[in-house]
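Asker: First the structure, which I've put down as structure tokens, then a few questions once you've had a look.
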Amino acid sequence: MANPSILILAGDGIGPEVMGEVKKIITWYGDKRGLNFDVSEDLVGGCAYDAHGTPLTDATMAKAQEVDAVLLGAVGGPKYDNLDFSVKPERGLLRLRKEMDLYSNLRPAQCFDALADFSSLKKDVVAGLDIMIVRELTSGVYFGEPRGIHKEGNERVGINTQRYTESEIARVARSAFELARKRGNKVCSMEKANVMESGILWRQVVQEIHDAEYPDVELSHMYADAGAMQLTRWPKQFDVIVTDNLFGDLLSDLAAMLTGSLGMLPSASLGAPMENGRPKALYEPVHGSAPDIAGQGKANPIACILSFAMALRYSFNELAEADRLEKAVEKVLADGVRTGDLMGPEGGTPVSTTEMGDAIIAALDASL
Ligand code: NAD
């Protein structure tokens, strides 16, 4: 069988720096675990604009459609701030998400014990936290028609439409149930069925998909506002949360910040299964290109490395190897190895991006 294929799009700013550490880890898996990937690299964002006058060429888009997984660093930077909207670096990323039809956005909120003090919540509320927010990414109120700002009589009216089809709800629900089976086997679905018809349909369809296809998974429903309260009161009650585009936008940021630094947050965006059974997939850190620290060796590579761990789990079904990589990160943090963004008020000497990558590889070696 051919090796699984990965397209690396490191992008701009700290993107190439943090991706450099992921490349070392991919090599480690080939050398030490016999897990070989066919890796190709290409441009996205500002660097693609510099080379080709567009943030994503058609050829790169075609490659992204063919591979088993795309790993993306970050795009953007002040140099590109004044470009026309149509060629801004972010358009490259949006084109990838749209044309790959990545409807299921996975944002884990995981709190490593060693970093529990970084949370704004009490340590015992967040220590050991491991939840996953699944946000519908391609429909809902950000896309629904009619939309716009119109004149009605003497005043302007702003309109957006929350619209979900049954099949759009069903496919993201399936994505959440599949994930739950690889984790704690629990799904909580969040909407506002008390005040929104689209929420009533959301609740009905999620329940129907559960009853017909996933009766083994524990399912509960919660209003999204109550969900926000529960996430800050006792987040460990959740395993997988599935919700729509708008509520997911808010709840995933809320959940992420339970755990502290932006340099620690991975994400995955998944689409429909391809012929080989693997979902279309794009993995990327939540953070941007961090122009303020780019090129200085200060960036924390962990968000990008944990995004690769998600690829191991959700694209390549290498659950034990994903665990191994996450445990290596956990060990390094427990040993007190810190990039600048993870330094507490007590201070200390931060390690560089490459030193953090090397420490994680040493922990992987120690795990054998
Ligand atoms: P940012 O995430 O790039 O940075 C915010 C702050 O967090 C900065 O102080 C930065 O130094 C710090 N930070 C971020 N990642 C870090 C890491 N791995 N290690 C250590 N510190 C880290 O957000 P921003 O400053 O608002 O945006 C900068 C550029 O990135 C803009 O051009 C923006 O459009 C773009 N952006 C891209 C993406 C993406 O590629 N997905 C996401 C957000 C922003």
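Residues in the structure tokens are numbered from 1 in each chain, the chains being A, B, ... in the order shown, and ligands are numbered from 1 in the order shown.
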Kindly provide the residues of chain A that approach ligand 1 to within 8 Å, each paired with its closest atom pair and their distance in Å to one decimal, based on only C-alpha atoms and all ligand atoms, listed by chain and increasing number, as CSV.

Answerer:
```
residue,atom,partner,partner_atom_place_in_ligand_line,distance
A:Gly11,CA,ligand 1,40 (O),7.8
A:Gly13,CA,ligand 1,30 (O),7.9
A:Ile14,CA,ligand 1,18 (N),7.2
A:Val18,CA,ligand 1,18 (N),7.1
A:Leu72,CA,ligand 1,40 (O),7.9
A:Gly73,CA,ligand 1,40 (O),6.7
A:Ala74,CA,ligand 1,40 (O),3.4
A:Val75,CA,ligand 1,40 (O),3.9
A:Gly76,CA,ligand 1,32 (O),3.7
A:Gly77,CA,ligand 1,32 (O),3.8
A:Pro78,CA,ligand 1,32 (O),6.0
A:Tyr80,CA,ligand 1,32 (O),7.6
A:Asp81,CA,ligand 1,32 (O),7.1
A:Pro89,CA,ligand 1,34 (O),7.8
A:Glu90,CA,ligand 1,34 (O),6.7
A:Leu93,CA,ligand 1,40 (O),7.3
A:Ser261,CA,ligand 1,22 (C),7.9
A:Leu262,CA,ligand 1,15 (N),5.6
A:Gly263,CA,ligand 1,18 (N),3.8
A:Met264,CA,ligand 1,18 (N),7.1
A:Glu284,CA,ligand 1,41 (N),7.1
A:Pro285,CA,ligand 1,41 (N),7.0
A:Val286,CA,ligand 1,41 (N),5.9
A:His287,CA,ligand 1,2 (O),3.7
A:Gly288,CA,ligand 1,3 (O),3.2
A:Ser289,CA,ligand 1,30 (O),4.1
A:Ala290,CA,ligand 1,3 (O),3.3
A:Pro291,CA,ligand 1,28 (C),5.9
A:Asp292,CA,ligand 1,11 (O),5.4
A:Ile293,CA,ligand 1,11 (O),5.3
A:Ala294,CA,ligand 1,11 (O),7.8
A:Lys298,CA,ligand 1,20 (C),6.5
A:Ala299,CA,ligand 1,19 (N),3.7
A:Asn300,CA,ligand 1,19 (N),3.7
A:Pro301,CA,ligand 1,18 (N),5.6
A:Ile302,CA,ligand 1,18 (N),7.2
A:Ala303,CA,ligand 1,18 (N),6.5
A:Cys304,CA,ligand 1,18 (N),7.8
A:Thr339,CA,ligand 1,20 (C),7.3
A:Gly340,CA,ligand 1,20 (C),6.8
A:Asp341,CA,ligand 1,20 (C),5.0
```

Asker: Write out as a PDB file with all heavy atoms, in the first residue's frame each polymer residue whose atoms come within 12 Å of Glu66 in chain A, counting only C-alpha atoms; drop sequence neighbours fewer than 6 positions from it.

Answerer:
```pdb
ATOM      1  N   PRO A   4       0.609   7.062   3.315  1.00  0.00           N
ATOM      2  CA  PRO A   4      -0.341   8.177   3.353  1.00  0.00           C
ATOM      3  C   PRO A   4       0.359   9.472   2.941  1.00  0.00           C
ATOM      4  O   PRO A   4       1.549   9.641   3.201  1.00  0.00           O
ATOM      5  CB  PRO A   4      -0.758   8.248   4.832  1.00  0.00           C
ATOM      6  CG  PRO A   4      -0.159   7.080   5.507  1.00  0.00           C
ATOM      7  CD  PRO A   4       0.836   6.448   4.614  1.00  0.00           C
ATOM      8  N   SER A   5      -0.400  10.361   2.292  1.00  0.00           N
ATOM      9  CA  SER A   5       0.223  11.588   1.782  1.00  0.00           C
ATOM     10  C   SER A   5      -0.178  12.802   2.600  1.00  0.00           C
ATOM     11  O   SER A   5      -1.308  12.906   3.092  1.00  0.00           O
ATOM     12  CB  SER A   5      -0.171  11.789   0.317  1.00  0.00           C
ATOM     13  OG  SER A   5      -1.571  11.776   0.201  1.00  0.00           O
ATOM     14  N   ILE A   6       0.806  13.704   2.753  1.00  0.00           N
ATOM     15  CA  ILE A   6       0.582  14.944   3.498  1.00  0.00           C
ATOM     16  C   ILE A   6       1.079  16.104   2.652  1.00  0.00           C
ATOM     17  O   ILE A   6       2.171  16.042   2.091  1.00  0.00           O
ATOM     18  CB  ILE A   6       1.387  14.933   4.831  1.00  0.00           C
ATOM     19  CG1 ILE A   6       0.850  13.854   5.774  1.00  0.00           C
ATOM     20  CG2 ILE A   6       1.342  16.298   5.508  1.00  0.00           C
ATOM     21  CD1 ILE A   6       1.637  13.759   7.091  1.00  0.00           C
ATOM     22  N   LEU A   7       0.258  17.158   2.558  1.00  0.00           N
ATOM     23  CA  LEU A   7       0.710  18.402   1.924  1.00  0.00           C
ATOM     24  C   LEU A   7       0.957  19.427   3.026  1.00  0.00           C
ATOM     25  O   LEU A   7       0.048  19.725   3.815  1.00  0.00           O
ATOM     26  CB  LEU A   7      -0.360  18.928   0.954  1.00  0.00           C
ATOM     27  CG  LEU A   7      -0.085  20.310   0.353  1.00  0.00           C
ATOM     28  CD1 LEU A   7       1.180  20.321  -0.503  1.00  0.00           C
ATOM     29  CD2 LEU A   7      -1.286  20.788  -0.486  1.00  0.00           C
ATOM     30  N   SER A  40       4.733  16.464   0.680  1.00  0.00           N
ATOM     31  CA  SER A  40       5.078  17.495  -0.301  1.00  0.00           C
ATOM     32  C   SER A  40       4.819  18.855   0.338  1.00  0.00           C
ATOM     33  O   SER A  40       4.101  18.945   1.340  1.00  0.00           O
ATOM     34  CB  SER A  40       4.262  17.328  -1.578  1.00  0.00           C
ATOM     35  OG  SER A  40       2.894  17.311  -1.263  1.00  0.00           O
ATOM     36  N   ALA A  59      -3.057  25.040  -8.892  1.00  0.00           N
ATOM     37  CA  ALA A  59      -2.282  23.795  -8.790  1.00  0.00           C
ATOM     38  C   ALA A  59      -2.182  23.348  -7.326  1.00  0.00           C
ATOM     39  O   ALA A  59      -2.325  22.157  -7.020  1.00  0.00           O
ATOM     40  CB  ALA A  59      -0.889  24.006  -9.377  1.00  0.00           C
ATOM     41  N   THR A  60      -1.964  24.305  -6.410  1.00  0.00           N
ATOM     42  CA  THR A  60      -1.882  23.945  -4.987  1.00  0.00           C
ATOM     43  C   THR A  60      -3.243  23.465  -4.486  1.00  0.00           C
ATOM     44  O   THR A  60      -3.341  22.494  -3.728  1.00  0.00           O
ATOM     45  CB  THR A  60      -1.414  25.158  -4.146  1.00  0.00           C
ATOM     46  OG1 THR A  60      -0.294  25.749  -4.786  1.00  0.00           O
ATOM     47  CG2 THR A  60      -1.062  24.756  -2.737  1.00  0.00           C
ATOM     48  N   MET A 100     -12.638  22.307  -0.265  1.00  0.00           N
ATOM     49  CA  MET A 100     -12.550  20.955   0.299  1.00  0.00           C
ATOM     50  C   MET A 100     -13.833  20.606   1.066  1.00  0.00           C
ATOM     51  O   MET A 100     -13.986  19.505   1.554  1.00  0.00           O
ATOM     52  CB  MET A 100     -11.333  20.842   1.224  1.00  0.00           C
ATOM     53  CG  MET A 100      -9.998  20.919   0.486  1.00  0.00           C
ATOM     54  SD  MET A 100      -8.591  21.092   1.632  1.00  0.00           S
ATOM     55  CE  MET A 100      -8.448  19.420   2.242  1.00  0.00           C
ATOM     56  N   MET A 274     -13.236  10.381   1.788  1.00  0.00           N
ATOM     57  CA  MET A 274     -12.785  10.192   0.407  1.00  0.00           C
ATOM     58  C   MET A 274     -12.940   8.706   0.061  1.00  0.00           C
ATOM     59  O   MET A 274     -13.397   7.918   0.888  1.00  0.00           O
ATOM     60  CB  MET A 274     -11.328  10.634   0.288  1.00  0.00           C
ATOM     61  CG  MET A 274     -11.151  12.112   0.626  1.00  0.00           C
ATOM     62  SD  MET A 274      -9.461  12.702   0.425  1.00  0.00           S
ATOM     63  CE  MET A 274      -8.634  12.074   1.886  1.00  0.00           C
ATOM     64  N   GLU A 275     -12.513   8.331  -1.153  1.00  0.00           N
ATOM     65  CA  GLU A 275     -12.657   6.934  -1.584  1.00  0.00           C
ATOM     66  C   GLU A 275     -11.969   5.957  -0.640  1.00  0.00           C
ATOM     67  O   GLU A 275     -12.441   4.844  -0.426  1.00  0.00           O
ATOM     68  CB  GLU A 275     -12.090   6.763  -2.993  1.00  0.00           C
ATOM     69  CG  GLU A 275     -13.170   6.706  -4.049  1.00  0.00           C
ATOM     70  CD  GLU A 275     -12.596   6.720  -5.443  1.00  0.00           C
ATOM     71  OE1 GLU A 275     -11.528   6.125  -5.650  1.00  0.00           O
ATOM     72  OE2 GLU A 275     -13.241   7.346  -6.308  1.00  0.00           O
ATOM     73  N   ASN A 276     -10.824   6.378  -0.076  1.00  0.00           N
ATOM     74  CA  ASN A 276     -10.073   5.480   0.823  1.00  0.00           C
ATOM     75  C   ASN A 276     -10.625   5.483   2.252  1.00  0.00           C
ATOM     76  O   ASN A 276     -10.021   4.911   3.159  1.00  0.00           O
ATOM     77  CB  ASN A 276      -8.582   5.844   0.819  1.00  0.00           C
ATOM     78  CG  ASN A 276      -8.320   7.267   1.309  1.00  0.00           C
ATOM     79  OD1 ASN A 276      -9.217   7.902   1.879  1.00  0.00           O
ATOM     80  ND2 ASN A 276      -7.117   7.763   1.126  1.00  0.00           N
ATOM     81  N   ARG A 278     -10.771   7.904   4.340  1.00  0.00           N
ATOM     82  CA  ARG A 278     -10.282   9.003   5.186  1.00  0.00           C
ATOM     83  C   ARG A 278     -11.061  10.276   4.864  1.00  0.00           C
ATOM     84  O   ARG A 278     -11.405  10.520   3.705  1.00  0.00           O
ATOM     85  CB  ARG A 278      -8.800   9.262   4.913  1.00  0.00           C
ATOM     86  CG  ARG A 278      -7.917   8.094   5.294  1.00  0.00           C
ATOM     87  CD  ARG A 278      -6.441   8.499   5.217  1.00  0.00           C
ATOM     88  NE  ARG A 278      -5.630   7.401   5.687  1.00  0.00           N
ATOM     89  CZ  ARG A 278      -4.736   6.740   4.951  1.00  0.00           C
ATOM     90  NH1 ARG A 278      -4.500   7.100   3.708  1.00  0.00           N
ATOM     91  NH2 ARG A 278      -4.050   5.742   5.458  1.00  0.00           N
ATOM     92  N   PRO A 279     -11.319  11.098   5.883  1.00  0.00           N
ATOM     93  CA  PRO A 279     -12.049  12.340   5.577  1.00  0.00           C
ATOM     94  C   PRO A 279     -11.122  13.353   4.905  1.00  0.00           C
ATOM     95  O   PRO A 279      -9.917  13.332   5.128  1.00  0.00           O
ATOM     96  CB  PRO A 279     -12.447  12.849   6.972  1.00  0.00           C
ATOM     97  CG  PRO A 279     -11.396  12.297   7.888  1.00  0.00           C
ATOM     98  CD  PRO A 279     -10.956  10.986   7.294  1.00  0.00           C
ATOM     99  N   LYS A 280     -11.671  14.218   4.077  1.00  0.00           N
ATOM    100  CA  LYS A 280     -10.914  15.409   3.642  1.00  0.00           C
ATOM    101  C   LYS A 280     -10.487  16.124   4.912  1.00  0.00           C
ATOM    102  O   LYS A 280     -11.305  16.261   5.845  1.00  0.00           O
ATOM    103  CB  LYS A 280     -11.818  16.337   2.848  1.00  0.00           C
ATOM    104  CG  LYS A 280     -12.155  15.821   1.503  1.00  0.00           C
ATOM    105  CD  LYS A 280     -11.447  16.615   0.440  1.00  0.00           C
ATOM    106  CE  LYS A 280     -11.598  15.820  -0.842  1.00  0.00           C
ATOM    107  NZ  LYS A 280     -11.394  16.424  -2.042  1.00  0.00           N
ATOM    108  N   ALA A 281      -9.254  16.609   4.982  1.00  0.00           N
ATOM    109  CA  ALA A 281      -8.811  17.122   6.283  1.00  0.00           C
ATOM    110  C   ALA A 281      -7.754  18.201   6.166  1.00  0.00           C
ATOM    111  O   ALA A 281      -6.821  18.095   5.360  1.00  0.00           O
ATOM    112  CB  ALA A 281      -8.265  15.965   7.113  1.00  0.00           C
TER     113      ALA A 281
END
```

Asker: If DSSP is run on the backbone, what residues of range 124-233 of chain A are helix (DSSP H, G or I)? A reply as a ChimeraX atom specification would be ideal.

Answerer: /A:124-126,140-142,166-181,197-213,224-233

Asker: Have a look at A:Leu342, A:Leu83, A:Cys111, A:Leu246 and name the one nearest to Gln162 in chain A; count only C-alpha atoms.

Answerer: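 The shortest atom-to-atom distance to Gln162 in chain A comes from A:Leu246.
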
Asker: Skip range 131-133 of chain A itself and residues of its chain fewer than 6 positions away, then list as an NGL selection string all residues within 6 Å of it, counting only C-alpha atoms.

Answerer: :A and (106-109 or 239-241 or 252)

Asker: Find the residues near Val332 in chain A: any atom within 7 Å, counting only C-alpha atoms, skip ones fewer than 5 places away on the same chain, and give them as an MDAnalysis selection string.

Answerer: chainID A and resid 337 359:360 363

Asker: Please produce a file of those selected residues containing all heavy atoms, as a PDB file, in the first residue's frame.

Answerer:
```pdb
ATOM      1  N   VAL A 337       9.964  22.630  30.725  1.00  0.00           N
ATOM      2  CA  VAL A 337      10.489  23.237  29.488  1.00  0.00           C
ATOM      3  C   VAL A 337       9.425  24.211  28.960  1.00  0.00           C
ATOM      4  O   VAL A 337       8.271  23.822  28.784  1.00  0.00           O
ATOM      5  CB  VAL A 337      10.787  22.148  28.430  1.00  0.00           C
ATOM      6  CG1 VAL A 337      11.358  22.771  27.165  1.00  0.00           C
ATOM      7  CG2 VAL A 337      11.737  21.101  28.996  1.00  0.00           C
ATOM      8  N   ALA A 359      13.209  18.849  22.547  1.00  0.00           N
ATOM      9  CA  ALA A 359      12.807  18.257  23.836  1.00  0.00           C
ATOM     10  C   ALA A 359      11.656  17.271  23.628  1.00  0.00           C
ATOM     11  O   ALA A 359      11.612  16.198  24.255  1.00  0.00           O
ATOM     12  CB  ALA A 359      12.392  19.366  24.811  1.00  0.00           C
ATOM     13  N   ILE A 360      10.743  17.609  22.727  1.00  0.00           N
ATOM     14  CA  ILE A 360       9.608  16.704  22.464  1.00  0.00           C
ATOM     15  C   ILE A 360      10.109  15.428  21.774  1.00  0.00           C
ATOM     16  O   ILE A 360       9.664  14.322  22.101  1.00  0.00           O
ATOM     17  CB  ILE A 360       8.512  17.438  21.656  1.00  0.00           C
ATOM     18  CG1 ILE A 360       7.882  18.524  22.537  1.00  0.00           C
ATOM     19  CG2 ILE A 360       7.444  16.464  21.148  1.00  0.00           C
ATOM     20  CD1 ILE A 360       6.986  19.508  21.825  1.00  0.00           C
ATOM     21  N   ALA A 363      11.596  13.244  24.339  1.00  0.00           N
ATOM     22  CA  ALA A 363      10.539  12.557  25.105  1.00  0.00           C
ATOM     23  C   ALA A 363       9.935  11.418  24.280  1.00  0.00           C
ATOM     24  O   ALA A 363       9.565  10.370  24.827  1.00  0.00           O
ATOM     25  CB  ALA A 363       9.458  13.558  25.520  1.00  0.00           C
TER      26      ALA A 363
END
```

Asker: Taking into account only C-alpha atoms, which residue in the set A:Ala114, A:Asp244, A:Asp225, A:Tyr214 is nearest to Gly336 in chain A?

Answerer: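 With only C-alpha atoms as the atom set, the closest residue is A:Ala114.
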
Asker: List as a list in words the protein and nucleic acid residues near Lys98 in chain A, meaning an atom at most 12 Å away when only C-alpha atoms are counted, but skip any in the same chain fewer than 5 places from it.

Answerer: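 What passes the distance filter is Met61, Ala64, Gln65, Arg91, Gly92, Leu93, Tyr103, Ser104, Leu137, Thr138, Ser139, Phe143, Ser269, Leu270, Gly271, Lys280, Ala281 and Leu282 of chain A.
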
Asker: Leaving out Gly140 in chain A and any residue of its chain fewer than 2 positions from it, which residues lie within 6 Å of it when counting only C-alpha atoms, given as a list in words?

Answerer: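 Counting only the stated atoms, we get Tyr142, Phe143, Gly144, Gln162, Arg163, Tyr164 and Asn245 of chain A.
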
Asker: As a list in words, please: all residues of range 126-200 of chain A that backbone DSSP puts in strand (DSSP E or B).

Answerer: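 Restricting range 126-200 of chain A to strand (DSSP E or B) produces Asp130, Ile131, Met132, Ile133, Val134, Arg135, Glu136, Gly144, Glu145, Pro146, Arg147, Gly148, Ile149, His150, Lys151, Glu152, Glu155, Arg156, Val157, Gly158, Ile159, Asn160, Thr161, Lys186, Val187, Cys188, Ser189, Met190 and Glu191 of chain A.
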
Asker: Compile a residue-level contact table for range 223-270 of chain A against range 180-201 of chain A at a cut-off of 12 Å, reporting for every qualifying residue the shortest atom pair and its distance in Å to one decimal, with only C-alpha atoms counted, rows ordered by chain and ascending number, as a Markdown table.

Answerer:
```
| residue | atom | partner | partner_atom | distance |
| --- | --- | --- | --- | --- |
| A:Tyr223 | CA | A:Lys192 | CA | 5.1 |
| A:Ala224 | CA | A:Met190 | CA | 4.9 |
| A:Asp225 | CA | A:Lys192 | CA | 7.8 |
| A:Ala226 | CA | A:Met190 | CA | 8.9 |
| A:Gly227 | CA | A:Met190 | CA | 6.9 |
| A:Ala228 | CA | A:Met190 | CA | 9.6 |
| A:Gln230 | CA | A:Met190 | CA | 11.5 |
| A:Leu231 | CA | A:Cys188 | CA | 11.6 |
| A:Pro235 | CA | A:Cys188 | CA | 11.9 |
| A:Lys236 | CA | A:Gly184 | CA | 11.3 |
| A:Gln237 | CA | A:Lys186 | CA | 9.7 |
| A:Phe238 | CA | A:Cys188 | CA | 7.1 |
| A:Asp239 | CA | A:Lys186 | CA | 5.6 |
| A:Val240 | CA | A:Val187 | CA | 4.8 |
| A:Ile241 | CA | A:Cys188 | CA | 4.8 |
| A:Val242 | CA | A:Ser189 | CA | 4.8 |
| A:Thr243 | CA | A:Met190 | CA | 5.1 |
| A:Asp244 | CA | A:Glu191 | CA | 7.2 |
| A:Asn245 | CA | A:Glu191 | CA | 10.4 |
| A:Leu246 | CA | A:Glu191 | CA | 9.8 |
| A:Phe247 | CA | A:Glu191 | CA | 7.5 |
| A:Gly248 | CA | A:Met190 | CA | 8.9 |
| A:Leu250 | CA | A:Met190 | CA | 12.0 |
| A:Leu251 | CA | A:Met190 | CA | 9.8 |
```

Asker: Have a look at CA of Leu94 in chain A and CA of Asp42 in chain A and let me know their distance in Å, one decimal.

Answerer: 16.4 Å

Asker: Determine, counting only C-alpha atoms, which protein, DNA and RNA residues have an atom within 9 Å of an atom of Pro146 in chain A; residues of the same chain fewer than 4 positions away are not included. Present the result as a PyMOL selection string.

Answerer: chain A and resi 159-161

Asker: In Å to one decimal, how far is CA of Leu102 in chain A from CA of Arg171 in chain A?

Answerer: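 Distance reported for this atom pair: 11.0 Å.
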
Asker: Give me, please, the distance in Å between CA of Ser352 in chain A and CA of Pro16 in chain A, quoted to one decimal.

Answerer: 14.3 Å

Asker: Let me make sure I understand: among A:Ala69, A:Val22, A:Ala268, A:Met343, which one has the smallest atom-to-atom distance to Asn105 in chain A if we use only C-alpha atoms?

Answerer: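 Nearest to Asn105 in chain A: A:Ala268.
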
Asker: Hey, which bits of range 17-130 of chain A sit within 10 Å of range 318-322 of chain A, and for each residue what's the closest pair of atoms and how far apart in Å (one decimal), counting only C-alpha atoms, rows by chain and increasing number, as CSV?

Answerer:
```
residue,atom,partner,partner_atom,distance
A:Tyr29,CA,A:Glu321,CA,8.8
A:Arg33,CA,A:Glu321,CA,8.9
A:Leu35,CA,A:Glu318,CA,9.5
```
